[in-house]
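Structure data (mmCIF, C-alpha atoms) from model38.cif:
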```cif
data_data
#
loop_
_atom_site.label_atom_id
_atom_site.label_comp_id
_atom_site.auth_asym_id
_atom_site.auth_seq_id
_atom_site.Cartn_x
_atom_site.Cartn_y
_atom_site.Cartn_z
CA MET A 1472 0.00 0.00 0.00
CA TYR A 1473 0.95 3.66 -0.35
CA GLU A 1474 3.23 5.13 2.32
CA ILE A 1475 4.86 8.49 2.78
CA GLN A 1476 8.61 7.99 3.10
CA LYS A 1477 9.77 10.24 5.94
CA ALA A 1478 12.86 12.35 5.41
CA SER A 1479 15.77 11.08 7.47
CA THR A 1480 16.80 12.87 10.66
CA VAL A 1481 20.18 13.79 9.16
CA LYS A 1482 18.55 15.39 6.13
CA ARG A 1483 16.02 17.24 8.27
CA ILE A 1484 18.65 18.66 10.61
CA SER A 1485 20.97 19.62 7.73
CA ALA A 1486 18.20 21.40 5.86
CA LEU A 1487 17.05 23.13 9.05
CA LEU A 1488 20.53 24.45 9.86
CA LEU A 1489 21.03 25.79 6.35
CA ASP A 1490 17.60 27.44 6.32
CA LEU A 1491 18.22 28.99 9.75
CA ILE A 1492 21.54 30.47 8.58
CA LEU A 1493 19.93 31.95 5.46
CA LEU A 1494 16.92 33.21 7.41
CA ALA A 1495 19.10 34.83 10.08
CA THR A 1496 21.28 36.48 7.44
CA VAL A 1497 18.28 38.02 5.71
CA ALA A 1498 16.71 39.06 9.03
CA VAL A 1499 19.90 40.77 10.24
CA GLY A 1500 20.18 42.67 6.97
CA ILE A 1501 16.57 43.84 7.08
CA GLY A 1502 16.87 44.64 10.79
CA SER A 1503 19.93 46.80 10.17
CA LEU A 1504 18.09 48.68 7.44
CA LEU A 1505 15.07 49.23 9.70
CA SER A 1506 17.33 50.43 12.53
CA ALA A 1507 18.79 53.05 10.20
CA ILE A 1508 15.36 54.12 8.97
CA THR A 1509 13.86 54.37 12.48
CA LYS A 1510 17.03 56.03 13.85
CA TYR A 1511 17.36 53.46 16.61
CA ASP A 1512 21.03 54.27 17.25
CA SER A 1513 20.27 57.93 17.91
CA TYR A 1514 17.76 57.02 20.63
CA SER A 1515 20.18 54.51 22.14
CA ASP A 1516 23.00 57.08 22.15
CA ARG A 1517 20.74 59.68 23.75
CA LEU A 1518 19.75 57.28 26.53
CA GLN A 1519 23.39 56.51 27.22
CA GLU A 1520 24.12 60.24 27.40
CA ILE A 1521 21.40 60.69 30.02
CA TYR A 1522 22.78 57.75 32.01
CA ARG A 1523 26.27 59.23 31.93
CA GLU A 1524 24.95 62.61 33.07
CA TYR A 1525 23.42 61.06 36.20
CA GLU A 1526 26.44 58.85 36.79
CA THR A 1527 28.69 61.89 36.70
CA LYS A 1528 26.36 64.00 38.82
CA TYR A 1529 25.95 61.40 41.57
CA GLY A 1530 29.30 59.63 41.19
CA VAL A 1531 27.78 56.19 40.56
CA ASP A 1532 27.90 53.45 37.95
CA PHE A 1533 24.56 52.07 36.74
CA ASN A 1534 26.24 49.09 35.05
CA ILE A 1535 26.78 47.02 38.17
CA THR A 1536 25.62 43.55 39.13
CA PRO A 1537 23.49 42.74 42.21
CA GLU A 1538 26.66 41.37 43.80
CA ASP A 1539 28.49 44.65 43.17
CA TYR A 1540 25.58 46.57 44.67
CA ALA A 1541 25.59 44.37 47.77
CA ALA A 1542 29.29 45.12 48.25
CA LEU A 1543 28.72 48.91 48.32
CA SER A 1544 28.85 50.81 51.58
CA ASP A 1545 25.67 52.26 53.06
CA SER A 1546 26.53 55.74 51.81
CA GLU A 1547 27.31 54.44 48.31
CA LYS A 1548 24.04 52.52 48.24
CA ALA A 1549 22.16 55.64 49.33
CA ARG A 1550 23.83 57.67 46.58
CA TYR A 1551 23.12 54.95 44.01
CA ASN A 1552 19.45 54.75 45.03
CA GLU A 1553 19.13 58.52 44.90
CA ALA A 1554 20.60 58.59 41.38
CA ASN A 1555 18.35 55.74 40.27
CA THR A 1556 15.26 57.49 41.67
CA ALA A 1557 16.18 60.76 39.98
CA LEU A 1558 16.76 58.96 36.68
CA ALA A 1559 13.40 57.20 36.95
CA GLU A 1560 11.69 60.57 37.35
CA ASN A 1561 13.34 61.99 34.24
CA THR A 1562 10.55 62.28 31.66
CA GLU A 1563 12.89 62.35 28.69
CA ALA A 1564 14.72 59.24 29.89
CA LYS A 1565 11.42 57.37 30.28
CA ASP A 1566 10.23 58.44 26.83
CA VAL A 1567 13.50 57.48 25.15
CA TYR A 1568 13.58 54.14 27.02
CA ASN A 1569 10.02 53.28 25.97
CA THR A 1570 10.79 54.33 22.41
CA ILE A 1571 13.81 52.02 22.34
CA ILE A 1572 11.71 49.06 23.54
CA ASN A 1573 9.03 49.79 20.94
CA LEU A 1574 11.62 50.12 18.18
CA ILE A 1575 13.26 46.83 19.14
CA ILE A 1576 9.91 45.02 19.02
CA PHE A 1577 8.95 46.72 15.75
CA ASN A 1578 12.28 46.18 13.98
CA VAL A 1579 12.62 42.56 15.09
CA SER A 1580 8.99 41.74 14.23
CA ILE A 1581 9.14 43.27 10.74
CA ALA A 1582 12.61 41.88 9.97
CA LEU A 1583 11.56 38.36 10.91
CA PHE A 1584 8.20 38.65 9.16
CA VAL A 1585 9.76 39.74 5.87
CA SER A 1586 12.42 37.04 6.20
CA PHE A 1587 9.83 34.31 6.80
CA MET A 1588 7.66 35.57 3.96
CA LEU A 1589 10.63 35.42 1.60
CA MET A 1590 12.49 32.31 2.77
CA GLU A 1591 9.61 30.17 4.06
CA PHE A 1592 6.68 31.21 1.82
CA LEU A 1593 7.64 32.89 -1.46
CA ILE A 1594 10.71 30.78 -2.26
CA PRO A 1595 8.87 27.49 -1.45
CA MET A 1596 6.08 28.63 -3.77
CA LEU A 1597 8.63 29.13 -6.55
CA LEU A 1598 10.56 25.91 -5.91
CA GLY A 1599 7.39 23.87 -5.48
CA ASN A 1600 6.42 21.17 -2.98
CA GLY A 1601 6.97 23.56 -0.07
CA MET A 1602 10.74 23.39 -0.53
CA THR A 1603 12.96 25.99 1.08
CA VAL A 1604 16.53 26.33 -0.15
CA GLY A 1605 17.72 23.84 2.46
CA LYS A 1606 14.96 21.34 1.68
CA LYS A 1607 15.65 21.63 -2.05
CA ILE A 1608 19.35 20.87 -1.56
CA PHE A 1609 18.72 17.90 0.73
CA GLY A 1610 15.72 16.50 -1.17
CA ILE A 1611 12.91 17.12 1.31
CA ALA A 1612 9.36 17.95 0.28
CA VAL A 1613 6.56 19.42 2.38
CA ILE A 1614 3.32 17.64 1.56
CA ARG A 1615 -0.12 17.08 3.03
CA THR A 1616 -0.39 14.19 5.44
CA ASP A 1617 -2.44 12.30 2.85
CA GLY A 1618 0.28 12.54 0.18
CA VAL A 1619 -1.25 15.40 -1.85
CA LYS A 1620 0.75 18.49 -2.79
CA ILE A 1621 0.61 21.33 -0.28
CA ASN A 1622 -1.48 24.34 -1.36
CA ARG A 1623 -0.79 28.04 -0.77
CA LEU A 1624 -3.14 28.31 2.21
CA GLN A 1625 -1.45 25.42 3.96
CA LEU A 1626 1.99 26.80 3.14
CA PHE A 1627 0.97 30.16 4.62
CA ALA A 1628 -0.44 28.50 7.74
CA ARG A 1629 2.74 26.44 8.13
CA SER A 1630 5.29 29.20 7.56
CA ILE A 1631 3.58 32.32 8.91
CA LEU A 1632 1.03 31.17 11.51
CA GLY A 1633 3.09 28.24 12.73
CA LYS A 1634 6.78 29.02 12.27
CA TYR A 1635 6.74 32.83 12.41
CA THR A 1636 3.93 33.63 14.83
CA PHE A 1637 3.85 30.77 17.31
CA GLU A 1638 7.31 29.23 17.18
CA THR A 1639 9.37 32.40 16.64
CA MET A 1640 7.65 35.65 17.58
CA VAL A 1641 6.03 34.43 20.79
CA PRO A 1642 9.39 33.25 22.21
CA VAL A 1643 11.20 36.34 20.87
CA LEU A 1644 8.72 38.74 22.48
CA ILE A 1645 8.92 36.83 25.75
CA VAL A 1646 12.74 37.03 25.70
CA ILE A 1647 12.59 40.78 25.00
CA MET A 1648 10.14 41.34 27.85
CA LEU A 1649 12.26 39.20 30.18
CA TYR A 1650 15.35 41.21 29.25
CA PHE A 1651 13.66 44.52 30.01
CA GLY A 1652 12.05 43.17 33.17
CA THR A 1653 8.44 43.58 32.02
CA LEU A 1654 7.66 39.85 32.29
CA GLY A 1655 8.64 37.46 35.02
CA PHE A 1656 8.27 33.78 35.82
CA LEU A 1657 5.18 33.41 33.62
CA GLY A 1658 7.30 34.11 30.55
CA LEU A 1659 9.69 31.30 31.42
CA LEU A 1660 6.77 28.92 31.89
CA ILE A 1661 5.39 29.80 28.45
CA LEU A 1662 8.79 29.26 26.84
CA LEU A 1663 9.14 25.91 28.57
CA ALA A 1664 5.62 24.90 27.50
CA ILE A 1665 6.40 25.68 23.84
CA ILE A 1666 9.61 23.63 23.99
CA VAL A 1667 7.82 20.70 25.64
CA ILE A 1668 4.91 20.77 23.16
CA GLN A 1669 7.31 20.92 20.22
CA THR A 1670 9.41 18.03 21.52
CA VAL A 1671 6.42 15.83 22.37
CA LEU A 1672 4.83 16.36 18.96
CA ILE A 1673 8.00 15.56 17.02
CA ILE A 1674 8.59 12.40 19.05
CA SER A 1675 5.01 11.15 19.35
CA THR A 1676 3.51 11.82 15.90
CA ASP A 1677 3.86 9.12 13.24
CA LYS A 1678 5.38 11.52 10.75
CA ASN A 1679 7.46 13.45 13.33
CA GLN A 1680 5.45 16.63 12.85
CA ALA A 1681 6.41 19.88 14.55
CA ILE A 1682 3.84 22.46 15.70
CA HIS A 1683 3.74 24.18 12.30
CA ASP A 1684 3.12 20.87 10.54
CA VAL A 1685 0.30 19.92 12.90
CA LEU A 1686 -1.35 23.31 12.33
CA ALA A 1687 -1.15 22.97 8.55
CA TYR A 1688 -1.80 19.20 8.32
CA THR A 1689 1.55 18.73 6.58
CA CYS A 1690 4.64 16.58 6.99
CA LEU A 1691 8.17 16.25 5.62
CA ALA A 1692 8.78 13.55 3.04
CA ASP A 1693 11.80 12.22 1.18
CA TYR A 1694 11.26 13.73 -2.25
CA SER A 1695 13.05 11.05 -4.25
CA SER A 1696 11.20 8.08 -2.75
CA THR A 1697 7.71 9.43 -2.05
CA LYS A 1698 4.93 9.60 -4.64
CA ILE A 1699 3.28 13.04 -4.39
CA PHE A 1700 -0.15 13.56 -5.93
CA ASP A 1701 -1.34 16.76 -7.57
CA THR A 1702 -4.94 16.26 -6.45
CA GLU A 1703 -7.04 14.10 -4.14
CA ALA A 1704 -8.72 12.53 -7.16
CA LEU A 1705 -5.39 11.28 -8.51
CA ARG A 1706 -4.48 9.93 -5.09
CA ASP A 1707 -7.78 8.09 -4.76
CA GLU A 1708 -7.40 6.67 -8.27
CA TYR A 1709 -3.90 5.43 -7.40
CA LEU A 1710 -5.08 3.85 -4.13
CA LYS A 1711 -7.93 2.08 -5.91
CA LYS A 1712 -5.43 0.74 -8.43
CA LEU A 1713 -3.23 -0.57 -5.60
CA GLU A 1714 -6.25 -2.21 -3.95
CA ALA A 1715 -7.25 -3.84 -7.22
CA GLU A 1716 -3.74 -5.15 -7.79
CA ALA A 1717 -3.60 -6.49 -4.23
CA ALA A 1718 -6.95 -8.22 -4.65
CA GLU A 1719 -5.81 -9.74 -7.93
CA ARG A 1720 -2.62 -11.08 -6.34
CA GLU A 1721 -4.67 -12.57 -3.52
CA ASN A 1722 -6.99 -14.30 -5.98
CA ASP A 1723 -4.01 -15.67 -7.89
CA THR A 1724 -2.65 -17.07 -4.63
CA TYR A 1725 -5.93 -18.89 -3.93
CA ARG A 1726 -6.02 -20.35 -7.47
CA TYR A 1727 -2.59 -21.84 -7.08
#
```
Could you render the structure from this file as C-alpha cells?
Amino acid sequence: MYEIQKASTVKRISALLLDLILLATVAVGIGSLLSAITKYDSYSDRLQEIYREYETKYGVDFNITPEDYAALSDSEKARYNEANTALAENTEAKDVYNTIINLIIFNVSIALFVSFMLMEFLIPMLLGNGMTVGKKIFGIAVIRTDGVKINRLQLFARSILGKYTFETMVPVLIVIMLYFGTLGFLGLLILLAIIVIQTVLIISTDKNQAIHDVLAYTCLADYSSTKIFDTEALRDEYLKKLEAEAAERENDTYRY
C-alpha cells in the first residue's frame, strides 16, 4: 500500500541548519536597514548620554551587578538609590527608554516577518512542494499528510502562523520582555511549555510533525522516494489501483 517515506533525521537537521543560517542572514540585513530608517542608534545614544549625566552627577555606575551593589557601603548605596530614583523621574529618559523598547519590538517583528515571507513562503512557492533552499538541496518535500501536494493556504499557515507567529515571535517577544524586566516567571513557563509541546509532537507523531506541521496538516517527506499527488482525485485513483492489484494477487494465490 501507499506510504509516505519520511525524510531522514540527518537530512532534516541539515536542511534546518542551512535554512536557519539563510533566514538569520536576511533578518539581520533587514533589521539593520530598519534600525537606520527608524534612527534606533540615535535614541540609544541619547539614553546613554542621560545615564552618563546622572552617573557623573551622583558619582555612581549604573552598570553594576546585584553582587556589586551588595558590596557597596551604606553611603554608596544611598547615593546609588538617589541617582536611580532621579533617573526614573526623568521624563525624557522614560520616553526614550520606551521608544527604544518599541523600536526593538517593531524592527525585530518586521525583519523576521519579511524574512519568513521570503524564505519560508515565497521561495517554497517558486521551488514547489513547499521546498525551502535547504529542503531543495537535501531532497525534502513538504506535503499534506495524505500525500497530496501542499497548497498556498497550507503553506501560509505552516510558515507564517506556525513558524513565524507561534514558534518564533512568541518566544522572541517573551525574551525581550524578560530582558527589560516587564515579564517574570510566567514568561519562562510559556517558553518551557512551547519547547515541551514541540518536543512531544515531534517524538510522538507518526510523521514526526512539529507544531507548524500539525497546524497545517503537513509533513516532511523524502522527495526522491515518495509519490506526491497533484490532487485528491489522482491519489484516490492510485489507491484504488493498488487495492485492485492487491486483490488480484490474492486471488491468484488462492487459485494456485
*Got a sec to resolve the PyMOL selection byres ((chain A and resi 1570-1580) around 12) on this structure and send the residues as a PyMOL selection string?*
chain A and resi 1495+1497-1519+1563-1569+1581-1587+1635-1636+1639-1653
*Minimum-distance residue to Thr1670 (chain A), chosen among A:Ile1682, A:Glu1474, A:Asn1561, A:Lys1606 (using only C-alpha atoms)*: A:Ile1682
10 Å contact set for region 1547-1556 of chain A, only C-alpha atoms, chain neighbours under 5 positions out, as a PDB file with C-alpha atoms, in the frame of the given file:
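This went into part01.pdb:
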```
ATOM      1  CA  TYR A1522      22.780  57.750  32.010  1.00  0.00           C
ATOM      2  CA  TYR A1525      23.420  61.060  36.200  1.00  0.00           C
ATOM      3  CA  GLU A1526      26.440  58.850  36.790  1.00  0.00           C
ATOM      4  CA  THR A1527      28.690  61.890  36.700  1.00  0.00           C
ATOM      5  CA  LYS A1528      26.360  64.000  38.820  1.00  0.00           C
ATOM      6  CA  TYR A1529      25.950  61.400  41.570  1.00  0.00           C
ATOM      7  CA  GLY A1530      29.300  59.630  41.190  1.00  0.00           C
ATOM      8  CA  VAL A1531      27.780  56.190  40.560  1.00  0.00           C
ATOM      9  CA  ASP A1532      27.900  53.450  37.950  1.00  0.00           C
ATOM     10  CA  PHE A1533      24.560  52.070  36.740  1.00  0.00           C
ATOM     11  CA  TYR A1540      25.580  46.570  44.670  1.00  0.00           C
ATOM     12  CA  ALA A1541      25.590  44.370  47.770  1.00  0.00           C
ATOM     13  CA  ALA A1542      29.290  45.120  48.250  1.00  0.00           C
ATOM     14  CA  ASN A1561      13.340  61.990  34.240  1.00  0.00           C
TER      15      ASN A1561
END
```
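Computed from the coordinates, the CA of Ile1608 (chain A) to CA of Ile1475 (chain A) distance equals 19.5 Å.
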*Give me the result of the PyMOL selection byres ((chain A and resi 1692-1700) around 10) on this file, residue by residue, as an MDAnalysis selection string.*
chainID A and resid 1473:1479 1482:1483 1600 1602 1606:1607 1609:1621 1678 1689:1691 1701:1707 1709
*Which one of A:Leu1659, A:Ile1665, A:Ala1628, A:Leu1654 sits closest to Ala1687 (chain A) if you count all atoms listed in the file?*
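Of the candidates, the smallest distance to Ala1687 (chain A) is held by A:Ala1628.
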*asked:* When you count only C-alpha atoms, which of these residues is closest to Ala1486 (chain A): A:Ile1661, A:Asp1677, A:Thr1603, A:Leu1672?
replied: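 Result for the nearest residue to Ala1486 (chain A): A:Thr1603.
Nearest residue to Glu1591 (chain A), choosing from A:Val1685, A:Asp1545, A:Asp1490, A:Leu1657 and counting only C-alpha atoms: A:Asp1490.
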*Can you work out the spacing between CA of Gln1680 (chain A) and CA of Val1604 (chain A) in Å, to one decimal?*
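Those two atoms sit 19.6 Å apart.
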_Point-to-point distance from CA of Phe1637 (chain A) to CA of Leu1663 (chain A), Å rounded to tenths_ = 13.4 Å
*Would you please work out which residue, of A:Asp1684, A:Ile1484, A:Leu1543, A:Val1671, is nearest to Gly1601 (chain A) when using only C-alpha atoms?*
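Checking each of A:Asp1684, A:Ile1484, A:Leu1543, A:Val1671 against Gly1601 (chain A), counting only C-alpha atoms, the winner is A:Asp1684.
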*Give the answer as one residue: which of A:Val1667, A:Ile1673, A:Leu1662, A:Met1590 has the shortest atom-to-atom distance to Thr1496 (chain A), using all atoms listed in the file?*
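Smallest distance to Thr1496 (chain A) is found for A:Met1590.
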